[in-house]
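**Q** To be precise about what I am sending: the file is called protein.cif and holds mmCIF, C-alpha atoms.
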data_coords
loop_
_atom_site.label_atom_id
_atom_site.label_comp_id
_atom_site.auth_asym_id
_atom_site.auth_seq_id
_atom_site.Cartn_x
_atom_site.Cartn_y
_atom_site.Cartn_z
CA MET A 2 3.90 22.98 33.18
CA THR A 3 7.32 24.18 32.21
CA ILE A 4 9.44 22.29 29.72
CA SER A 5 11.95 21.32 32.39
CA VAL A 6 9.21 19.81 34.56
CA ARG A 7 7.82 17.93 31.56
CA ILE A 8 11.26 16.59 30.70
CA GLY A 9 11.77 15.59 34.33
CA VAL A 10 8.48 13.74 34.45
CA SER A 11 9.19 12.06 31.11
CA ALA A 12 12.60 10.95 32.31
CA LEU A 13 11.15 9.56 35.51
CA SER A 14 8.50 7.77 33.51
CA LEU A 15 11.13 6.30 31.22
CA VAL A 16 13.20 5.14 34.18
CA GLY A 17 10.08 3.63 35.67
CA LEU A 18 9.26 1.92 32.41
CA ILE A 19 12.71 0.35 32.14
CA TRP A 20 12.68 -0.61 35.81
CA GLY A 21 9.22 -2.04 35.56
CA THR A 22 10.14 -4.12 32.57
CA SER A 23 13.41 -5.35 33.98
CA THR A 24 11.84 -6.52 37.22
CA GLN A 25 9.41 -8.78 35.40
CA LEU A 26 10.25 -12.31 36.34
CA HIS A 27 11.22 -14.75 33.64
CA ALA A 28 12.55 -12.71 30.76
CA GLN A 29 12.62 -16.04 28.98
CA SER A 30 14.73 -17.40 26.22
CA VAL A 31 14.28 -20.82 24.70
CA ALA A 32 17.10 -23.24 23.95
CA GLU A 33 17.18 -24.34 20.32
CA GLU A 34 17.65 -27.89 19.06
CA ARG A 35 20.23 -28.69 16.38
CA ILE A 36 21.56 -31.84 14.76
CA ALA A 37 25.32 -32.22 14.95
CA PRO A 38 27.15 -33.12 11.76
CA ILE A 39 28.68 -36.56 12.18
CA ASP A 40 32.27 -37.19 11.20
CA TRP A 41 31.57 -40.40 9.29
CA GLU A 42 34.97 -40.37 7.64
CA ARG A 43 36.66 -40.73 10.99
CA ALA A 44 34.04 -43.17 12.26
CA ASN A 45 34.47 -45.40 9.22
CA ALA A 46 38.23 -45.28 9.51
CA ASP A 47 38.00 -46.28 13.18
CA ALA A 48 35.55 -49.07 12.37
CA ALA A 49 37.86 -50.40 9.65
CA ARG A 50 40.87 -50.38 11.98
CA SER A 51 39.05 -52.00 14.86
CA SER A 52 39.81 -55.63 15.52
CA ASP A 53 38.01 -55.61 18.84
CA SER A 54 34.60 -56.66 17.63
CA THR A 55 33.76 -59.84 19.47
CA ALA A 56 31.62 -62.69 18.27
CA ALA A 57 28.91 -61.43 20.61
CA LEU A 58 28.90 -58.00 19.02
CA LYS A 59 28.90 -59.48 15.54
CA ALA A 60 25.91 -61.58 16.48
CA PHE A 61 24.21 -58.51 17.97
CA ARG A 62 24.89 -56.65 14.76
CA GLU A 63 23.29 -59.38 12.69
CA GLN A 64 20.25 -59.64 14.93
CA ASN A 65 19.67 -55.89 14.99
CA ALA A 66 20.85 -54.87 11.53
CA GLN A 67 17.67 -53.09 10.53
CA ALA A 68 17.41 -51.08 13.74
CA LEU A 69 21.11 -50.24 13.70
CA ASP A 70 20.96 -49.01 10.13
CA SER A 71 18.19 -46.56 10.99
CA ILE A 72 20.19 -44.67 13.64
CA GLY A 73 21.77 -41.44 12.43
CA LEU A 74 24.99 -41.61 14.40
CA PRO A 75 27.69 -44.18 15.15
CA VAL A 76 26.30 -46.75 17.57
CA LEU A 77 28.98 -47.50 20.15
CA MET A 78 29.00 -50.60 22.31
CA PRO A 79 31.67 -52.06 24.60
CA SER A 80 33.47 -55.20 23.54
CA ALA A 81 34.37 -55.69 27.20
CA LEU A 82 30.89 -56.94 28.12
CA SER A 83 30.12 -60.50 27.24
CA ALA A 84 27.00 -61.78 25.57
CA GLU A 85 25.54 -63.06 28.83
CA PHE A 86 24.42 -59.53 29.65
CA THR A 87 22.13 -59.61 26.60
CA PRO A 88 22.19 -56.03 25.34
CA ARG A 89 18.94 -54.69 23.95
CA LEU A 90 18.71 -51.72 21.60
CA ARG A 91 16.13 -49.06 20.86
CA GLY A 92 16.78 -46.47 18.17
CA GLN A 93 14.92 -43.19 17.80
CA GLY A 94 16.35 -41.72 14.60
CA ASN A 95 18.95 -39.32 15.94
CA SER A 96 19.23 -41.03 19.32
CA TYR A 97 19.56 -44.55 20.67
CA VAL A 98 19.90 -46.46 23.89
CA VAL A 99 21.35 -49.90 24.62
CA VAL A 100 20.43 -51.47 27.96
CA TYR A 101 22.28 -54.19 29.87
CA LYS A 102 21.37 -56.08 32.99
CA LEU A 103 24.57 -56.61 34.96
CA PRO A 104 24.89 -58.46 38.26
CA SER A 105 23.31 -56.13 40.87
CA ALA A 106 23.39 -53.21 38.45
CA LYS A 107 21.76 -51.73 35.35
CA LEU A 108 23.75 -50.13 32.55
CA SER A 109 22.37 -47.96 29.77
CA ILE A 110 24.40 -46.47 26.94
CA PHE A 111 22.85 -43.41 25.36
CA GLY A 112 23.88 -41.73 22.13
CA THR A 113 22.47 -38.71 20.32
CA SER A 114 23.38 -36.31 17.57
CA VAL A 115 20.92 -33.72 18.88
CA PHE A 116 22.18 -30.88 21.02
CA LEU A 117 20.73 -27.72 22.49
CA THR A 118 22.21 -24.31 22.00
CA ARG A 119 22.27 -21.36 24.32
CA SER A 120 24.20 -18.13 24.47
CA ASP A 121 27.56 -17.96 26.18
CA ASP A 122 27.48 -18.44 29.90
CA GLN A 123 29.83 -17.13 32.55
CA VAL A 124 29.33 -20.10 34.88
CA PHE A 125 30.01 -22.58 32.11
CA ALA A 126 33.07 -20.62 30.97
CA GLN A 127 34.52 -20.87 34.47
CA SER A 128 33.62 -24.51 34.97
CA GLY A 129 36.34 -25.84 32.71
CA ALA A 130 33.81 -28.27 31.26
CA GLY A 131 34.61 -29.40 27.77
CA ASN A 132 35.23 -32.43 25.62
CA ALA A 133 37.03 -34.63 28.15
CA PRO A 134 35.04 -37.63 29.43
CA LYS A 135 33.18 -36.53 32.49
CA PHE A 136 32.30 -38.81 35.40
CA GLU A 137 29.40 -37.72 37.60
CA ARG A 138 28.04 -39.52 40.60
CA SER A 139 24.44 -39.08 41.68
CA ASP A 140 21.98 -40.40 44.23
CA ASP A 141 21.21 -43.48 42.16
CA GLY A 142 24.49 -44.35 40.49
CA SER A 143 26.86 -42.61 38.13
CA ASP A 144 27.21 -41.30 34.58
CA LEU A 145 30.14 -41.01 32.27
CA SER A 146 29.68 -38.72 29.26
CA PHE A 147 31.80 -37.70 26.30
CA PHE A 148 31.68 -36.46 22.70
CA LYS A 149 32.90 -38.45 19.73
CA TYR A 150 32.40 -38.10 15.99
CA GLY A 151 30.28 -35.02 16.69
CA ALA A 152 27.70 -36.97 18.73
CA SER A 153 27.38 -37.16 22.50
CA TYR A 154 27.30 -40.34 24.55
CA VAL A 155 26.31 -41.07 28.15
CA LEU A 156 26.84 -44.28 30.10
CA ARG A 157 24.45 -44.47 33.05
CA LEU A 158 24.98 -47.08 35.74
CA SER A 159 22.58 -47.76 38.61
CA CYS A 160 23.86 -50.08 41.34
CA LEU A 161 21.84 -52.01 43.87
CA GLU A 162 24.40 -51.09 46.52
CA GLN A 163 25.48 -47.47 46.55
CA GLU A 164 28.93 -48.49 47.78
CA ASP A 165 29.44 -50.70 44.73
CA GLU A 166 32.80 -49.67 43.30
CA ARG A 167 31.48 -49.84 39.76
CA CYS A 168 29.22 -46.88 40.63
CA ALA A 169 31.50 -45.15 43.11
CA LYS A 170 34.57 -44.90 40.89
CA ASP A 171 35.11 -44.06 37.26
CA SER A 172 37.30 -47.05 36.43
CA PHE A 173 34.50 -49.45 35.48
CA LEU A 174 32.71 -47.08 33.11
CA GLY A 175 36.03 -45.75 31.84
CA GLY A 176 37.11 -49.30 31.01
CA LEU A 177 33.92 -49.85 29.02
CA VAL A 178 34.50 -46.65 27.04
CA ASN A 179 38.03 -47.82 26.21
CA SER A 180 36.57 -50.98 24.70
CA PHE A 181 33.95 -49.23 22.56
CA VAL A 182 33.56 -50.31 18.97
CA ILE A 183 31.19 -49.09 16.30
CA VAL A 184 28.47 -51.63 15.67
CA GLY A 185 26.21 -49.62 13.40
CA GLY A 186 24.66 -46.34 12.40
CA LYS A 187 23.19 -44.81 9.27
CA LYS A 188 25.74 -42.90 7.18
CA MET B 25 0.77 23.75 21.34
CA SER B 26 3.91 23.18 19.29
CA LYS B 27 4.68 19.89 17.55
CA LEU B 28 7.49 19.37 20.04
CA SER B 29 5.09 19.69 22.97
CA VAL B 30 2.62 17.29 21.38
CA PHE B 31 5.42 14.76 20.85
CA ARG B 32 6.64 15.15 24.42
CA THR B 33 3.16 14.80 25.85
CA THR B 34 2.45 11.73 23.71
CA ALA B 35 5.75 10.14 24.74
CA LEU B 36 4.98 10.89 28.38
CA LEU B 37 1.49 9.39 28.21
CA PHE B 38 2.82 6.33 26.37
CA GLY B 39 5.55 5.87 28.94
CA ILE B 40 3.10 6.16 31.85
CA LEU B 41 0.68 3.79 30.14
CA CYS B 42 3.37 1.18 29.51
CA PHE B 43 4.71 1.57 33.01
CA ASP B 44 1.26 1.12 34.49
CA VAL B 45 0.54 -1.92 32.36
CA VAL B 46 3.78 -3.55 33.40
CA ARG B 47 3.42 -2.73 37.06
CA ALA B 48 -0.26 -3.63 37.13
CA THR B 49 0.55 -7.18 36.04
CA PRO B 50 1.74 -8.73 39.27
CA LEU B 51 3.84 -11.81 39.23
CA PRO B 52 1.79 -14.89 39.94
CA ALA B 53 2.36 -15.57 43.62
CA ASN B 54 3.13 -19.16 42.75
CA PHE B 55 6.34 -18.24 40.97
CA ALA B 56 7.44 -15.13 42.83
CA ASN B 57 10.81 -16.67 43.60
CA GLU B 58 13.13 -16.30 40.67
CA PRO B 59 15.15 -19.16 39.17
CA GLY B 60 18.28 -19.57 41.23
CA GLU B 61 16.67 -18.07 44.32
CA LEU B 62 17.20 -21.01 46.68
CA GLU B 63 16.11 -21.42 50.28
CA PRO B 64 18.26 -19.13 52.44
CA ASN B 65 21.63 -20.65 53.35
CA SER B 66 21.12 -23.67 51.09
CA GLY B 67 23.81 -22.90 48.53
CA THR B 68 24.27 -20.79 45.44
CA GLY B 69 21.62 -21.12 42.81
CA ARG B 70 21.76 -20.46 39.13
CA HIS B 71 19.73 -17.55 37.76
CA ASP B 72 18.86 -18.99 34.39
CA THR B 73 15.70 -17.94 32.60
CA THR B 74 16.24 -20.28 29.67
CA ILE B 75 13.49 -22.75 28.90
CA TYR B 76 15.55 -25.75 27.87
CA PHE B 77 12.58 -28.05 27.24
CA PRO B 78 9.82 -25.91 25.73
CA SER B 79 7.63 -28.82 24.64
CA MET B 80 7.90 -30.68 27.92
CA ARG B 81 4.84 -31.87 29.79
CA PHE B 82 4.77 -31.29 33.54
CA PRO B 83 6.03 -34.58 35.03
CA LEU B 84 3.12 -35.08 37.42
CA GLU B 85 -0.26 -36.08 36.07
CA GLN B 86 -2.16 -33.52 38.09
CA GLY B 87 -1.73 -30.36 40.10
CA PRO B 88 -1.34 -28.65 42.35
CA ALA B 89 2.31 -29.51 42.85
CA PHE B 90 4.87 -27.79 45.00
CA LEU B 91 8.47 -27.28 43.99
CA ASN B 92 10.76 -26.72 46.94
CA SER B 93 13.63 -28.13 48.94
CA GLN B 94 13.42 -31.46 50.75
CA VAL B 95 16.48 -30.73 52.88
CA TYR B 96 16.10 -27.09 53.92
CA ARG B 97 12.39 -27.20 54.78
CA PRO B 98 10.46 -28.74 57.68
CA GLY B 99 11.05 -32.49 57.70
CA GLY B 100 14.42 -32.11 56.03
CA GLU B 101 17.88 -32.56 57.53
CA HIS B 102 18.52 -28.82 57.68
CA GLY B 103 14.91 -27.68 57.87
CA SER B 104 13.11 -25.78 60.58
CA ALA B 105 10.82 -27.45 63.10
CA GLY B 106 7.96 -29.52 61.80
CA GLY B 107 7.52 -32.61 59.70
CA GLN B 108 7.54 -33.20 55.99
CA CYS B 109 3.75 -32.84 55.89
CA ASP B 110 3.92 -29.32 57.32
CA SER B 111 1.56 -27.06 55.37
CA VAL B 112 4.41 -24.73 54.47
CA ASN B 113 5.83 -27.50 52.29
CA TYR B 114 2.54 -27.79 50.46
CA SER B 115 2.03 -24.17 49.59
CA TYR B 116 3.19 -21.62 47.06
CA PRO B 117 5.36 -19.94 46.04
CA TRP B 118 7.62 -22.42 44.35
CA ARG B 119 11.31 -22.50 45.13
CA ASP B 120 14.09 -23.54 42.77
CA ASN B 121 16.48 -26.11 44.25
CA PHE B 122 18.73 -26.89 41.27
CA CYS B 123 22.31 -26.39 42.54
CA GLU B 124 21.24 -26.60 46.19
CA SER B 125 24.20 -27.70 48.34
CA ARG B 126 25.35 -31.20 47.41
CA ASN B 127 28.65 -32.73 46.42
CA TRP B 128 27.43 -33.93 43.02
CA PRO B 129 29.23 -32.30 40.09
CA VAL B 130 27.06 -30.05 37.90
CA ALA B 131 28.76 -27.98 35.20
CA PHE B 132 26.04 -25.35 35.20
CA CYS B 133 26.11 -24.66 38.95
CA PRO B 134 28.04 -21.56 40.05
CA THR B 135 30.17 -23.68 42.41
CA GLY B 136 30.54 -26.54 39.93
CA LYS B 137 28.52 -28.87 42.13
CA GLY B 138 25.07 -29.10 43.63
CA HIS B 139 21.64 -30.69 43.39
CA GLN B 140 21.21 -32.09 39.91
CA GLY B 141 17.52 -31.45 39.46
CA GLN B 142 14.32 -30.15 41.01
CA ASP B 143 12.35 -31.65 43.89
CA ILE B 144 8.58 -31.69 43.44
CA ARG B 145 5.98 -32.48 46.09
CA PRO B 146 2.65 -33.80 44.81
CA SER B 147 -0.74 -32.34 45.68
CA ALA B 148 -0.79 -33.74 49.20
CA CYS B 149 1.54 -35.46 51.63
CA ARG B 150 0.48 -39.00 50.64
CA LYS B 151 2.85 -41.52 49.12
CA ASP B 152 2.02 -43.99 46.37
CA THR B 153 -0.96 -41.92 45.27
CA TYR B 154 0.03 -39.41 42.60
CA TRP B 155 1.29 -40.41 39.17
CA ALA B 156 4.49 -39.26 37.58
CA VAL B 157 4.11 -39.11 33.81
CA ALA B 158 6.32 -38.96 30.76
CA ALA B 159 7.62 -35.47 30.11
CA GLU B 160 8.20 -36.21 26.43
CA ASP B 161 7.67 -38.95 23.88
CA GLY B 162 10.49 -41.43 24.13
CA VAL B 163 11.79 -44.70 25.50
CA ILE B 164 12.17 -45.97 29.04
CA ALA B 165 15.92 -46.26 28.95
CA GLN B 166 16.63 -47.53 32.44
CA VAL B 167 14.77 -48.80 35.45
CA GLY B 168 17.36 -48.29 38.16
CA THR B 169 17.44 -49.02 41.86
CA PHE B 170 15.15 -46.11 42.70
CA SER B 171 15.03 -44.18 39.45
CA ILE B 172 13.60 -44.31 35.94
CA SER B 173 15.36 -42.72 32.97
CA LEU B 174 13.41 -41.71 29.91
CA GLN B 175 15.27 -40.89 26.72
CA ALA B 176 13.22 -38.41 24.69
CA THR B 177 13.28 -38.59 20.92
CA ASN B 178 15.62 -35.59 20.93
CA GLY B 179 18.11 -37.43 23.12
CA ILE B 180 17.41 -35.55 26.36
CA ILE B 181 17.53 -37.94 29.32
CA PHE B 182 14.82 -37.23 31.89
CA ARG B 183 15.19 -38.96 35.22
CA TYR B 184 12.58 -39.61 37.90
CA LEU B 185 13.68 -40.64 41.40
CA HIS B 186 11.86 -42.00 44.47
CA LEU B 187 8.90 -43.59 42.67
CA LYS B 188 7.23 -46.70 44.04
CA MET B 189 9.57 -49.05 42.23
CA ASP B 190 7.70 -52.29 42.82
CA GLU B 191 4.60 -50.97 41.08
CA LEU B 192 5.77 -49.18 37.98
CA ALA B 193 3.54 -48.76 34.96
CA VAL B 194 6.44 -49.24 32.55
CA GLN B 195 9.38 -51.51 31.81
CA GLU B 196 12.74 -50.96 30.17
CA LEU B 197 12.53 -50.19 26.45
CA ASP B 198 8.82 -49.43 26.56
CA GLU B 199 7.92 -46.65 24.19
CA VAL B 200 5.97 -43.90 25.92
CA LYS B 201 4.04 -40.86 24.84
CA LYS B 202 4.05 -37.56 26.64
CA GLY B 203 1.68 -37.83 29.61
CA ASP B 204 1.81 -41.63 29.90
CA ARG B 205 1.91 -42.90 33.47
CA LEU B 206 5.28 -44.12 34.70
CA GLY B 207 4.91 -44.72 38.43
CA LYS B 208 3.62 -43.26 41.66
CA VAL B 209 5.45 -40.60 43.64
CA SER B 210 6.84 -42.19 46.77
CA ASN B 211 9.84 -42.08 49.09
CA TRP B 212 12.09 -44.88 47.81
CA PHE B 213 15.76 -44.20 48.37
CA GLY B 214 17.60 -47.51 48.19
CA LYS B 215 17.98 -49.12 51.58
CA THR B 216 16.40 -46.16 53.32
CA THR B 217 13.60 -43.71 52.61
CA THR B 218 13.35 -40.01 51.86
CA THR B 219 10.53 -37.52 52.02
CA ILE B 220 7.58 -38.02 49.69
CA HIS B 221 8.58 -36.29 46.51
CA LEU B 222 9.67 -36.64 42.92
CA HIS B 223 13.22 -35.70 42.11
CA PHE B 224 13.17 -34.71 38.45
CA ASP B 225 16.26 -33.97 36.42
CA ALA B 226 17.30 -33.72 32.80
CA LYS B 227 20.63 -34.25 31.11
CA GLY B 228 21.60 -33.33 27.60
CA ALA B 229 24.29 -32.07 25.26
CA VAL B 230 24.48 -28.29 25.07
CA ARG B 231 26.55 -26.00 22.96
CA VAL B 232 27.40 -22.92 24.97
CA GLY B 233 29.10 -20.21 22.96
CA ASP B 234 32.12 -21.97 21.46
CA GLY B 235 32.11 -24.80 23.99
CA ARG B 236 29.97 -27.83 24.56
CA VAL B 237 29.10 -30.01 27.47
CA VAL B 238 26.86 -32.88 28.49
CA SER B 239 25.31 -31.78 31.74
CA TYR B 240 22.34 -31.77 34.03
CA LEU B 241 20.35 -28.72 32.92
CA PRO B 242 18.29 -26.26 34.95
CA PRO B 243 14.68 -27.48 34.76
CA TYR B 244 12.94 -24.75 36.78
CA MET B 245 11.73 -22.54 33.92
CA SER B 246 10.62 -25.52 31.87
CA LEU B 247 8.65 -26.76 34.87
CA ILE B 248 6.96 -23.39 35.28
CA SER B 249 6.11 -23.29 31.59
CA SER B 250 4.72 -26.84 31.55
CA TYR B 251 2.83 -26.32 34.80
CA LYS B 252 1.10 -23.27 33.37
CA LYS B 253 -0.05 -25.39 30.45
CA LEU B 254 -1.23 -28.13 32.79
CA MET B 255 -3.12 -25.80 35.07
CA GLY B 256 -4.43 -23.42 32.43
CA GLU B 257 -2.29 -20.37 33.13
CA ILE B 258 -2.64 -20.31 36.90
CA PRO B 259 -6.33 -20.19 37.63
CA SER B 260 -7.05 -18.39 40.86
CA ALA B 261 -8.44 -21.60 42.31
CA ILE B 262 -4.94 -22.96 42.79
CA SER B 263 -3.36 -19.77 44.07
CA LYS B 264 -2.85 -19.74 47.77
#
Could you express the structure from this file as structure tokens?
**A**
Amino acid sequence: MTISVRIGVSALSLVGLIWGTSTQLHAQSVAEERIAPIDWERANADAARSSDSTAALKAFREQNAQALDSIGLPVLMPSALSAEFTPRLRGQGNSYVVVYKLPSAKLSIFGTSVFLTRSDDQVFAQSGAGNAPKFERSDDGSDLSFFKYGASYVLRLSCLEQEDERCAKDSFLGGLVNSFVIVGGKK
Amino acid sequence: MSKLSVFRTTALLFGILCFDVVRATPLPANFANEPGELEPNSGTGRHDTTIYFPSMRFPLEQGPAFLNSQVYRPGGEHGSAGGQCDSVNYSYPWRDNFCESRNWPVAFCPTGKGHQGQDIRPSACRKDTYWAVAAEDGVIAQVGTFSISLQATNGIIFRYLHLKMDELAVQELDEVKKGDRLGKVSNWFGKTTTTIHLHFDAKGAVRVGDGRVVSYLPPYMSLISSYKKLMGEIPSAISK
């Protein structure tokens, strides 16, 4: 076999090797979990300035002090919802959820300081997604999500009637976000 | 033979060997469709090979399970002839349907909108029979009109739609462990019904390059990974 034939065969083999490898399905990567640093200075300043905390929220704070103080991010709750909706809290260290039973609807407020990381992404870059509060409808309700103090928050609303304006439009959830106050969190 | 010839021959043999090994390992037929490869004419999918939830348990208690479209398959609004129980719906290979044509906003979809999760048919076309289970340890964070949301300890929100809502195994704020039963796969869809399937989606905060977003995330690769664990790396018995 001449050298040129050998080189040709080697090159073909190399091309085949690269092709064969690249056509394997699922050249996987795994998203990594990180904990976001929380801007407690800003959170504390906001909490000190806030005069919105209602008697209901103060009572909630007293009843759930131990659980609230174990959550590693600012716990946000709306002052716009009265005590009759009896919020209930469950903390999970770096995450929490508060659930409400509203008339003909369920509301859950999620918070977490955990986030996933992945490499840059062309689709995401073009989507214009970012820090602004984002309202998303779905089959069973709607979500409103945003970042604050380094953590991320999601309000999820499920309505008995899909046409319910509280689920169909962003004004209800947006109004709740505008009334958020900090009721706890471990510094 | 010169040293150069020996090196060339060795490189050639190594290349052929590697090539043969790679080519001789066929893709499991179950997963031959790549992530983002949707049903024809059902929208633009997202080719994303990232496993966002590596520790996730497959959200059905048992296999086999069949991931494919409910809309662009027999029995669906835009599907070919046949009913939802058509055998083609209950056969491999799987088919991604994250980002399938919908008007719901999804930051990670190429068009900025689409189907927010993955549709999963259980082992057979029977409602109220097969259990959906917790994908991660966490808390039942909402029992909605026809959905359950589970907040995992890492903050990811997993959502299960179309379960038999009047016979759930959990209540709001229950703590659950991965694999715990939640409810049975059914066809609940508010005032109407849908096909028998589990819609499974996941939302979380993601840092992407210099940006960040809270979004529904592509679950397809995580479902493949967790299904392989459930089924023991694709035993031939389940391959069709």
**Q** Identify, on the basis of all atoms listed in the file, every residue whose closest approach to Val130 (chain B) does not exceed 8 Å; exclude the query and any residue fewer than 6 positions from it along the same chain; express the result as a list in words.
**A** Cys123, Gly136, Lys137, Gly138, His139, Gln140, Ser239 and Tyr240 of chain B
**Q** At a cut-off of 7 Å, using all atoms listed in the file, what residues contact region 135-145 of chain A? Leave out same-chain residues fewer than 4 positions from it and give the result as a ChimeraX atom specification.
**A** /A:155-160,163,168,171,174 /B:128-129,169-171
**Q** Output the contact residues of chain B with respect to chain A at a cut-off of 7 Å, based on only C-alpha atoms, as number ranges by chain.
**A** B: 36, 39-40, 42-43, 46-47, 58, 73-76, 78, 128-129, 131-134, 136, 165-166, 168-171, 177-179, 197, 229-233, 235-238
**Q** In Å, rounded to a single decimal, give me how far CA of Val184 (chain A) is from CA of Ser172 (chain A).
**A** 23.0 Å
**Q** Could you tell me which residues the PyMOL selection byres ((chain B and resi 108) around 9) returns for this structure, as a ChimeraX atom specification?
**A** /B:94,97-100,106-107,109-111,113,149,219-220
**Q** Under the PyMOL selection byres ((chain A and resi 64-72) around 6), which residues of this model are included? Write them out as a PyMOL selection string.
**A** chain A and resi 61-63+73-74+92+94-95+185-187
**Q** Provide the CA of Lys215 (chain B) to CA of His102 (chain B) distance in Å, to one decimal place.
**A** 21.2 Å
**Q** Evaluate the PyMOL selection byres ((chain A and resi 45) around 12) on the structure here and hand back the selected residues as a PyMOL selection string.
**A** chain A and resi 39-44+46-51+74-76+150+182-188
**Q** Env of Gly162 (chain B): 7 Å cut, atoms = all atoms listed in the file, seq-sep filter 4 positions within chain, self excluded. Answer as an MDAnalysis selection string.
**A** chainID B and resid 174:177 199:201
**Q** So how far away is CA of Tyr251 (chain B) from CA of Ala89 (chain B), in Å?
**A**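 Value for the CA of Ala89 (chain B)-CA of Tyr251 (chain B) distance: 8.7 Å.
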**Q** Skip Thr55 (chain A) itself and residues of its chain fewer than 6 positions away, then list as a ChimeraX atom specification all residues within 9 Å of it, counting only C-alpha atoms.
**A** /A:80-81,83
**Q** Using all atoms listed in the file, what residues lie at most 7 Å away from (15.0, -26.1, 49.6) (file coordinates), given as a ChimeraX atom specification?
**A** /B:62-63,66,92-97,119,121
**Q** Save out the residues we just selected, C-alpha atoms, as a PDB file, in the frame of the given file.
**A**
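So out_20.pdb came out as:
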ATOM      1  CA  LEU B  62      17.200 -21.010  46.680  1.00  0.00           C
ATOM      2  CA  GLU B  63      16.110 -21.420  50.280  1.00  0.00           C
ATOM      3  CA  SER B  66      21.120 -23.670  51.090  1.00  0.00           C
ATOM      4  CA  ASN B  92      10.760 -26.720  46.940  1.00  0.00           C
ATOM      5  CA  SER B  93      13.630 -28.130  48.940  1.00  0.00           C
ATOM      6  CA  GLN B  94      13.420 -31.460  50.750  1.00  0.00           C
ATOM      7  CA  VAL B  95      16.480 -30.730  52.880  1.00  0.00           C
ATOM      8  CA  TYR B  96      16.100 -27.090  53.920  1.00  0.00           C
ATOM      9  CA  ARG B  97      12.390 -27.200  54.780  1.00  0.00           C
ATOM     10  CA  ARG B 119      11.310 -22.500  45.130  1.00  0.00           C
ATOM     11  CA  ASN B 121      16.480 -26.110  44.250  1.00  0.00           C
TER      12      ASN B 121
END
**Q** Missing atoms in region 179-183 of chain A: fill them in up to all heavy atoms and send the result as a short mmCIF file (atom, residue, chain, number, x, y, z; two decimals), in the coordinates of the input.
**A**
data_model
loop_
_atom_site.label_atom_id
_atom_site.label_comp_id
_atom_site.auth_asym_id
_atom_site.auth_seq_id
_atom_site.Cartn_x
_atom_site.Cartn_y
_atom_site.Cartn_z
N ASN A 179 36.80 -47.46 26.92
CA ASN A 179 38.03 -47.82 26.21
C ASN A 179 37.85 -49.03 25.30
O ASN A 179 38.66 -49.26 24.41
CB ASN A 179 39.15 -48.10 27.22
CG ASN A 179 39.61 -46.82 27.89
OD1 ASN A 179 39.44 -45.72 27.35
ND2 ASN A 179 40.17 -46.93 29.09
N SER A 180 36.79 -49.79 25.54
CA SER A 180 36.57 -50.98 24.70
C SER A 180 35.47 -50.75 23.65
O SER A 180 35.03 -51.71 23.01
CB SER A 180 36.21 -52.18 25.58
OG SER A 180 34.85 -52.12 26.00
N PHE A 181 35.04 -49.50 23.50
CA PHE A 181 33.95 -49.23 22.56
C PHE A 181 34.35 -49.53 21.11
O PHE A 181 35.46 -49.20 20.68
CB PHE A 181 33.52 -47.76 22.64
CG PHE A 181 32.40 -47.50 23.61
CD1 PHE A 181 32.12 -46.21 24.03
CD2 PHE A 181 31.61 -48.52 24.10
CE1 PHE A 181 31.09 -45.96 24.92
CE2 PHE A 181 30.57 -48.28 24.98
CZ PHE A 181 30.32 -46.99 25.39
N VAL A 182 33.40 -50.14 20.42
CA VAL A 182 33.56 -50.31 18.97
C VAL A 182 32.26 -49.85 18.31
O VAL A 182 31.20 -49.80 18.94
CB VAL A 182 33.85 -51.78 18.59
CG1 VAL A 182 35.20 -52.21 19.10
CG2 VAL A 182 32.76 -52.70 19.10
N ILE A 183 32.38 -49.53 17.05
CA ILE A 183 31.19 -49.09 16.30
C ILE A 183 30.47 -50.33 15.77
O ILE A 183 31.06 -51.13 15.05
CB ILE A 183 31.59 -48.17 15.14
CG1 ILE A 183 32.28 -46.91 15.67
CG2 ILE A 183 30.37 -47.80 14.30
CD1 ILE A 183 32.87 -46.02 14.59
#
